[in-house]
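A.B. asks: Before we start, here is the structure in question, set down as structure tokens.
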Amino acid sequence: MNDVDPDFWRARWGEGRIGFHEGAPNALLRKHLSVLGERKRVFVPLCGKAEDLAFLAAQGHQVVGVELVESAVQAFFAEHGVTPVVTQRAGFVEYSAQNITVFAGDYFACTREVLGEVSAFYDRAAVIALPESLRGPYVKLLRALVPVRSPGLVITVEYPQEQMAPPPFSVPETELRAHYAGARLECVEQVKAEGPRLGAIAAVEKCFTVKL
Ligand SMILES: C[S@@+](CC[C@H](N)C(=O)[O-])C[C@H]1O[C@@H](n2cnc3c(N)ncnc32)[C@H](O)[C@@H]1O
């Protein structure tokens with residue numbers, strides 16, 4: 001039985017329970033940014049209203065995110081003082097301004113046609129937001145949407161799952177490696193996970209570079 005479903009996320013955003021939102025560019029992204037290369041079209045699945053979108057755009061990338069909860073997408077643009085062009089597109093609502101496009105809708109309904117060509121990806125708190133049953137399908141779809149040999153950055157957490165109710169889910173490195181079998185995956189940094197809930201237990205945040 002899994003309670004982390006679309007209604008769960010809608011309720012979290014609706015009630016403002018968004019402890020996962022850092023409000024600043026992610027430290028590991030800043031540090032390992034160069035792995036993504038230059039002037040890419042970076043796919044950011046399950047993007048929330050992360051500052052990482054604006055940070056990547058400021059580095060010269062085109063950015064394309066997907067987020068289930070439309071109010072989060074609206075908040076991102078409002079908080080950055082830009083008025084996006086809004087277009088209905090194959091079951092998604094596309095919000096676009098300057099070099100950032102965010103599709104409001106279900107990641108699992110994404111296609112290459114909707115997303116367009118992307119050339120890199122960034123996953124922070126995306127795979128770890130999903131229950132085990134969805135993590136395989138999530139990575140499988142990611143690998144269908146992002147071309148082979150594209151670079152990526154993935155940030156996960158690991159902790160004894162019984163010590164805390166997810167999300168975030170603990171995603172063991174062995175499991176991640178199984179999902180990315182055939183791709184090059186390197187754990188480039190490992191730090192103690194911080195945050196109101198994770199900080200209280202022995203949780204490790206891991207940063208992986210990926211070459212699909
Ligand atoms: C833990 S948050 C991380 C958000 C963002 N990556 C960040 O670093 O702040 C996970 C996000 O995934 C979104 N989400 C969950 N399931 C989704 C789905 N099926 N399609 C698109 N977004 C989804 C949630 O609404 C939530 O904003």
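Labels for the structure tokens follow display order: chains A, B, ..., residues from 1 in each chain, ligands from 1.
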Write out as a ChimeraX atom specification each polymer residue (protein, DNA or RNA) that has an atom no more than 9 Å from ligand 1, with only C-alpha atoms and all ligand atoms counted.
C.D. replies: /A:4-6,8-10,12-13,18-23,26,44-52,66-70,72,103-110,122-130,138,167-168
A.B. asks: Could the residues in this selection be written to a file with C-alpha atoms, as a PDB file, in the first residue's frame?
C.D. replies:
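The new file selection.pdb reads:
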```
ATOM      1  CA  VAL A   4       2.554   8.790  -1.705  1.00  0.00           C
ATOM      2  CA  ASP A   5       0.326   9.365  -4.687  1.00  0.00           C
ATOM      3  CA  PRO A   6      -0.764  12.465  -6.664  1.00  0.00           C
ATOM      4  CA  PHE A   8      -0.560  13.288  -1.368  1.00  0.00           C
ATOM      5  CA  TRP A   9       1.519  15.839  -3.329  1.00  0.00           C
ATOM      6  CA  ARG A  10      -1.476  18.060  -4.072  1.00  0.00           C
ATOM      7  CA  ARG A  12       1.368  18.949   0.538  1.00  0.00           C
ATOM      8  CA  TRP A  13       1.476  21.889  -1.859  1.00  0.00           C
ATOM      9  CA  ILE A  18       7.027  21.772   1.366  1.00  0.00           C
ATOM     10  CA  GLY A  19      10.003  21.179   3.650  1.00  0.00           C
ATOM     11  CA  PHE A  20      11.839  19.723   0.632  1.00  0.00           C
ATOM     12  CA  HIS A  21      11.931  23.159  -1.026  1.00  0.00           C
ATOM     13  CA  GLU A  22      15.397  24.578  -0.385  1.00  0.00           C
ATOM     14  CA  GLY A  23      14.715  28.139  -1.506  1.00  0.00           C
ATOM     15  CA  ASN A  26      21.259  23.122  -4.290  1.00  0.00           C
ATOM     16  CA  VAL A  44      14.383  18.487 -14.496  1.00  0.00           C
ATOM     17  CA  PRO A  45      11.727  15.879 -13.636  1.00  0.00           C
ATOM     18  CA  LEU A  46       9.496  16.423 -10.574  1.00  0.00           C
ATOM     19  CA  CYS A  47      10.922  19.924 -10.323  1.00  0.00           C
ATOM     20  CA  GLY A  48       8.615  21.584  -7.784  1.00  0.00           C
ATOM     21  CA  LYS A  49       9.446  25.279  -7.718  1.00  0.00           C
ATOM     22  CA  ALA A  50      13.136  24.620  -7.114  1.00  0.00           C
ATOM     23  CA  GLU A  51      15.542  27.536  -7.403  1.00  0.00           C
ATOM     24  CA  ASP A  52      17.685  25.076  -9.342  1.00  0.00           C
ATOM     25  CA  VAL A  66       7.839  18.665 -15.214  1.00  0.00           C
ATOM     26  CA  GLU A  67       5.759  19.152 -12.070  1.00  0.00           C
ATOM     27  CA  LEU A  68       2.468  17.530 -11.122  1.00  0.00           C
ATOM     28  CA  VAL A  69       1.050  20.409  -9.090  1.00  0.00           C
ATOM     29  CA  GLU A  70       0.172  23.402 -11.245  1.00  0.00           C
ATOM     30  CA  ALA A  72       3.785  25.064  -7.713  1.00  0.00           C
ATOM     31  CA  PHE A 103       5.064  21.343 -17.915  1.00  0.00           C
ATOM     32  CA  ALA A 104       2.364  21.049 -15.288  1.00  0.00           C
ATOM     33  CA  GLY A 105       1.134  17.452 -15.321  1.00  0.00           C
ATOM     34  CA  ASP A 106       2.039  13.844 -14.613  1.00  0.00           C
ATOM     35  CA  TYR A 107       5.646  12.897 -15.354  1.00  0.00           C
ATOM     36  CA  PHE A 108       4.493   9.383 -16.253  1.00  0.00           C
ATOM     37  CA  ALA A 109       2.460  10.816 -19.144  1.00  0.00           C
ATOM     38  CA  CYS A 110       5.508  12.575 -20.612  1.00  0.00           C
ATOM     39  CA  TYR A 122      19.098  16.799 -13.175  1.00  0.00           C
ATOM     40  CA  ASP A 123      17.314  14.786 -10.485  1.00  0.00           C
ATOM     41  CA  ARG A 124      17.204  16.250  -6.986  1.00  0.00           C
ATOM     42  CA  ALA A 125      14.519  14.792  -4.740  1.00  0.00           C
ATOM     43  CA  ALA A 126      12.771  13.164  -7.711  1.00  0.00           C
ATOM     44  CA  VAL A 127      13.636   9.450  -7.624  1.00  0.00           C
ATOM     45  CA  ILE A 128      13.614   9.605  -3.814  1.00  0.00           C
ATOM     46  CA  ALA A 129      10.116  11.129  -3.884  1.00  0.00           C
ATOM     47  CA  LEU A 130       8.744   7.930  -5.409  1.00  0.00           C
ATOM     48  CA  TYR A 138      10.525   6.454 -13.470  1.00  0.00           C
ATOM     49  CA  PRO A 167       9.091  10.691   1.585  1.00  0.00           C
ATOM     50  CA  PRO A 168      11.923  11.018   1.007  1.00  0.00           C
TER      51      PRO A 168
END
```
A.B. asks: Just want the 12 Å neighbourhood of A:Thr101, counted on only C-alpha atoms, with same-chain residues fewer than 5 positions away dropped. Output as a PyMOL selection string.
C.D. replies: chain A and resi 41-45+47+49+53-54+57+61-67+73-74+76-77+83-87+92-96+114-116+118
A.B. asks: Neighbours of A:Val188 within 8 Å (only C-alpha atoms; same-chain residues fewer than 3 positions away dropped), as a compact mmCIF listing (two decimals) with N, CA and C atoms, in the first residue's frame?
C.D. replies:
```txt
# COMPACT_ATOMS: atom_id res chain seq x y z
N LYS A 206 23.72 11.39 -1.29
CA LYS A 206 24.75 10.98 -2.26
C LYS A 206 24.51 11.69 -3.57
N CYS A 207 25.60 12.11 -4.17
CA CYS A 207 25.52 12.79 -5.45
C CYS A 207 26.21 11.94 -6.52
N PHE A 208 25.47 11.60 -7.55
CA PHE A 208 25.99 10.74 -8.62
C PHE A 208 26.08 11.52 -9.93
N THR A 209 27.16 11.34 -10.65
CA THR A 209 27.18 11.80 -12.03
C THR A 209 26.80 10.60 -12.89
```
A.B. asks: Hey, what's within 10 Å of A:Lys192 if we count only C-alpha atoms and toss same-chain stuff fewer than 3 positions away? As a ChimeraX atom specification, please?
C.D. replies: /A:157-158,195,198-199,201-206
A.B. asks: Hey, can you spit out that residue selection with N, CA and C atoms as an mmCIF file, in the first residue's frame?
C.D. replies:
```cif
data_model
loop_
_atom_site.group_PDB
_atom_site.id
_atom_site.type_symbol
_atom_site.label_atom_id
_atom_site.label_comp_id
_atom_site.auth_asym_id
_atom_site.auth_seq_id
_atom_site.Cartn_x
_atom_site.Cartn_y
_atom_site.Cartn_z
ATOM 1 N N VAL A 157 19.069 10.056 -1.130
ATOM 2 C CA VAL A 157 19.371 9.887 0.295
ATOM 3 C C VAL A 157 19.267 8.409 0.650
ATOM 4 N N GLU A 158 20.084 8.035 1.630
ATOM 5 C CA GLU A 158 20.036 6.666 2.164
ATOM 6 C C GLU A 158 19.980 6.743 3.681
ATOM 7 N N GLY A 195 18.354 18.728 7.383
ATOM 8 C CA GLY A 195 16.911 18.975 7.287
ATOM 9 C C GLY A 195 16.239 18.613 8.578
ATOM 10 N N LEU A 198 15.433 14.546 8.389
ATOM 11 C CA LEU A 198 16.577 13.683 8.072
ATOM 12 C C LEU A 198 17.761 13.934 8.987
ATOM 13 N N GLY A 199 17.922 15.201 9.407
ATOM 14 C CA GLY A 199 19.076 15.563 10.230
ATOM 15 C C GLY A 199 19.094 14.817 11.548
ATOM 16 N N ILE A 201 18.400 11.670 12.025
ATOM 17 C CA ILE A 201 18.780 10.254 11.917
ATOM 18 C C ILE A 201 20.069 10.144 11.090
ATOM 19 N N ALA A 202 20.608 8.933 11.035
ATOM 20 C CA ALA A 202 21.855 8.744 10.287
ATOM 21 C C ALA A 202 21.537 8.627 8.801
ATOM 22 N N ALA A 203 21.369 9.762 8.153
ATOM 23 C CA ALA A 203 21.005 9.773 6.734
ATOM 24 C C ALA A 203 22.148 10.375 5.918
ATOM 25 N N VAL A 204 22.398 9.762 4.780
ATOM 26 C CA VAL A 204 23.482 10.206 3.902
ATOM 27 C C VAL A 204 22.895 10.674 2.579
ATOM 28 N N GLU A 205 23.363 11.826 2.135
ATOM 29 C CA GLU A 205 22.963 12.327 0.819
ATOM 30 C C GLU A 205 24.086 11.962 -0.154
ATOM 31 N N LYS A 206 23.723 11.385 -1.286
ATOM 32 C CA LYS A 206 24.747 10.975 -2.255
ATOM 33 C C LYS A 206 24.509 11.691 -3.575
#
```
A.B. asks: With distances taken over only C-alpha atoms, which of A:Arg112, A:His80, A:His32, A:Arg17 is nearest to A:Leu153?
C.D. replies: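 Selected residue with least distance to A:Leu153: A:His32.
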A.B. asks: If you run DSSP on the backbone, which residues of stretch 13-187 of chain A are strand (DSSP E), as number ranges by chain?
C.D. replies: A: 41-45, 62-67, 85-89, 92-97, 100-104, 120-124, 151-158, 184-187
A.B. asks: Find the spatial neighbours of A:Phe55, counting only C-alpha atoms, within a cut-off of 9 Å - ignore same-chain residues fewer than 5 positions away - and output them as a PyMOL selection string.
C.D. replies: chain A and resi 24-25+30
A.B. asks: DSSP on the backbone: which residues in chain A end up as alpha helix (DSSP H)? Give the answer as JSON, numbers by chain.
C.D. replies: {"A": [6, 7, 8, 9, 10, 11, 12, 13, 14, 27, 28, 29, 30, 31, 32, 51, 52, 53, 54, 55, 56, 57, 58, 70, 71, 72, 73, 74, 75, 76, 77, 78, 79, 112, 113, 114, 115, 132, 133, 134, 135, 136, 137, 138, 139, 140, 141, 142, 143, 144, 145, 173, 174, 175, 176, 177, 178, 179]}
A.B. asks: Those same residues, written as a compact mmCIF listing (two decimals), in the first residue's frame with C-alpha atoms?
C.D. replies:
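Contents of out-v2.txt, as written:
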```
# COMPACT_ATOMS: atom_id res chain seq x y z
CA PRO A 6 -0.76 12.47 -6.66
CA ASP A 7 -3.30 13.44 -3.97
CA PHE A 8 -0.56 13.29 -1.37
CA TRP A 9 1.52 15.84 -3.33
CA ARG A 10 -1.48 18.06 -4.07
CA ALA A 11 -2.25 18.16 -0.35
CA ARG A 12 1.37 18.95 0.54
CA TRP A 13 1.48 21.89 -1.86
CA GLY A 14 -2.05 22.99 -0.92
CA ALA A 27 24.82 23.02 -2.94
CA LEU A 28 25.70 19.76 -4.72
CA LEU A 29 24.33 21.08 -8.01
CA ARG A 30 26.46 24.21 -7.66
CA LYS A 31 29.52 22.13 -6.94
CA HIS A 32 29.10 19.54 -9.70
CA GLU A 51 15.54 27.54 -7.40
CA ASP A 52 17.69 25.08 -9.34
CA LEU A 53 15.57 25.84 -12.43
CA ALA A 54 16.54 29.52 -12.35
CA PHE A 55 20.13 28.67 -11.41
CA LEU A 56 20.55 26.32 -14.39
CA ALA A 57 19.01 28.92 -16.68
CA ALA A 58 21.39 31.58 -15.33
CA GLU A 70 0.17 23.40 -11.25
CA SER A 71 0.10 25.87 -8.34
CA ALA A 72 3.79 25.06 -7.71
CA VAL A 73 4.60 25.92 -11.32
CA GLN A 74 2.65 29.17 -11.08
CA ALA A 75 4.43 30.01 -7.83
CA PHE A 76 7.83 29.50 -9.43
CA PHE A 77 7.20 32.07 -12.14
CA ALA A 78 5.39 34.49 -9.81
CA GLU A 79 8.25 34.38 -7.30
CA ARG A 112 9.51 12.98 -26.29
CA GLU A 113 6.95 14.83 -28.39
CA VAL A 114 5.74 16.86 -25.39
CA LEU A 115 9.17 17.49 -23.92
CA GLU A 132 9.84 1.55 -4.87
CA SER A 133 7.16 0.35 -7.28
CA LEU A 134 7.46 3.58 -9.31
CA ARG A 135 11.22 4.07 -9.23
CA GLY A 136 11.93 1.48 -11.94
CA PRO A 137 9.28 2.92 -14.30
CA TYR A 138 10.52 6.45 -13.47
CA VAL A 139 14.11 5.73 -14.55
CA LYS A 140 12.97 3.66 -17.51
CA LEU A 141 10.93 6.60 -18.81
CA LEU A 142 13.77 9.05 -18.07
CA ARG A 143 16.07 6.92 -20.20
CA ALA A 144 13.49 6.96 -22.98
CA LEU A 145 13.17 10.75 -22.83
CA GLU A 173 22.97 2.79 -4.25
CA THR A 174 22.62 -0.84 -5.39
CA GLU A 175 19.03 -0.18 -6.42
CA LEU A 176 19.93 3.03 -8.24
CA ARG A 177 22.71 1.22 -10.09
CA ALA A 178 20.27 -1.51 -11.13
CA HIS A 179 17.88 1.07 -12.60
```
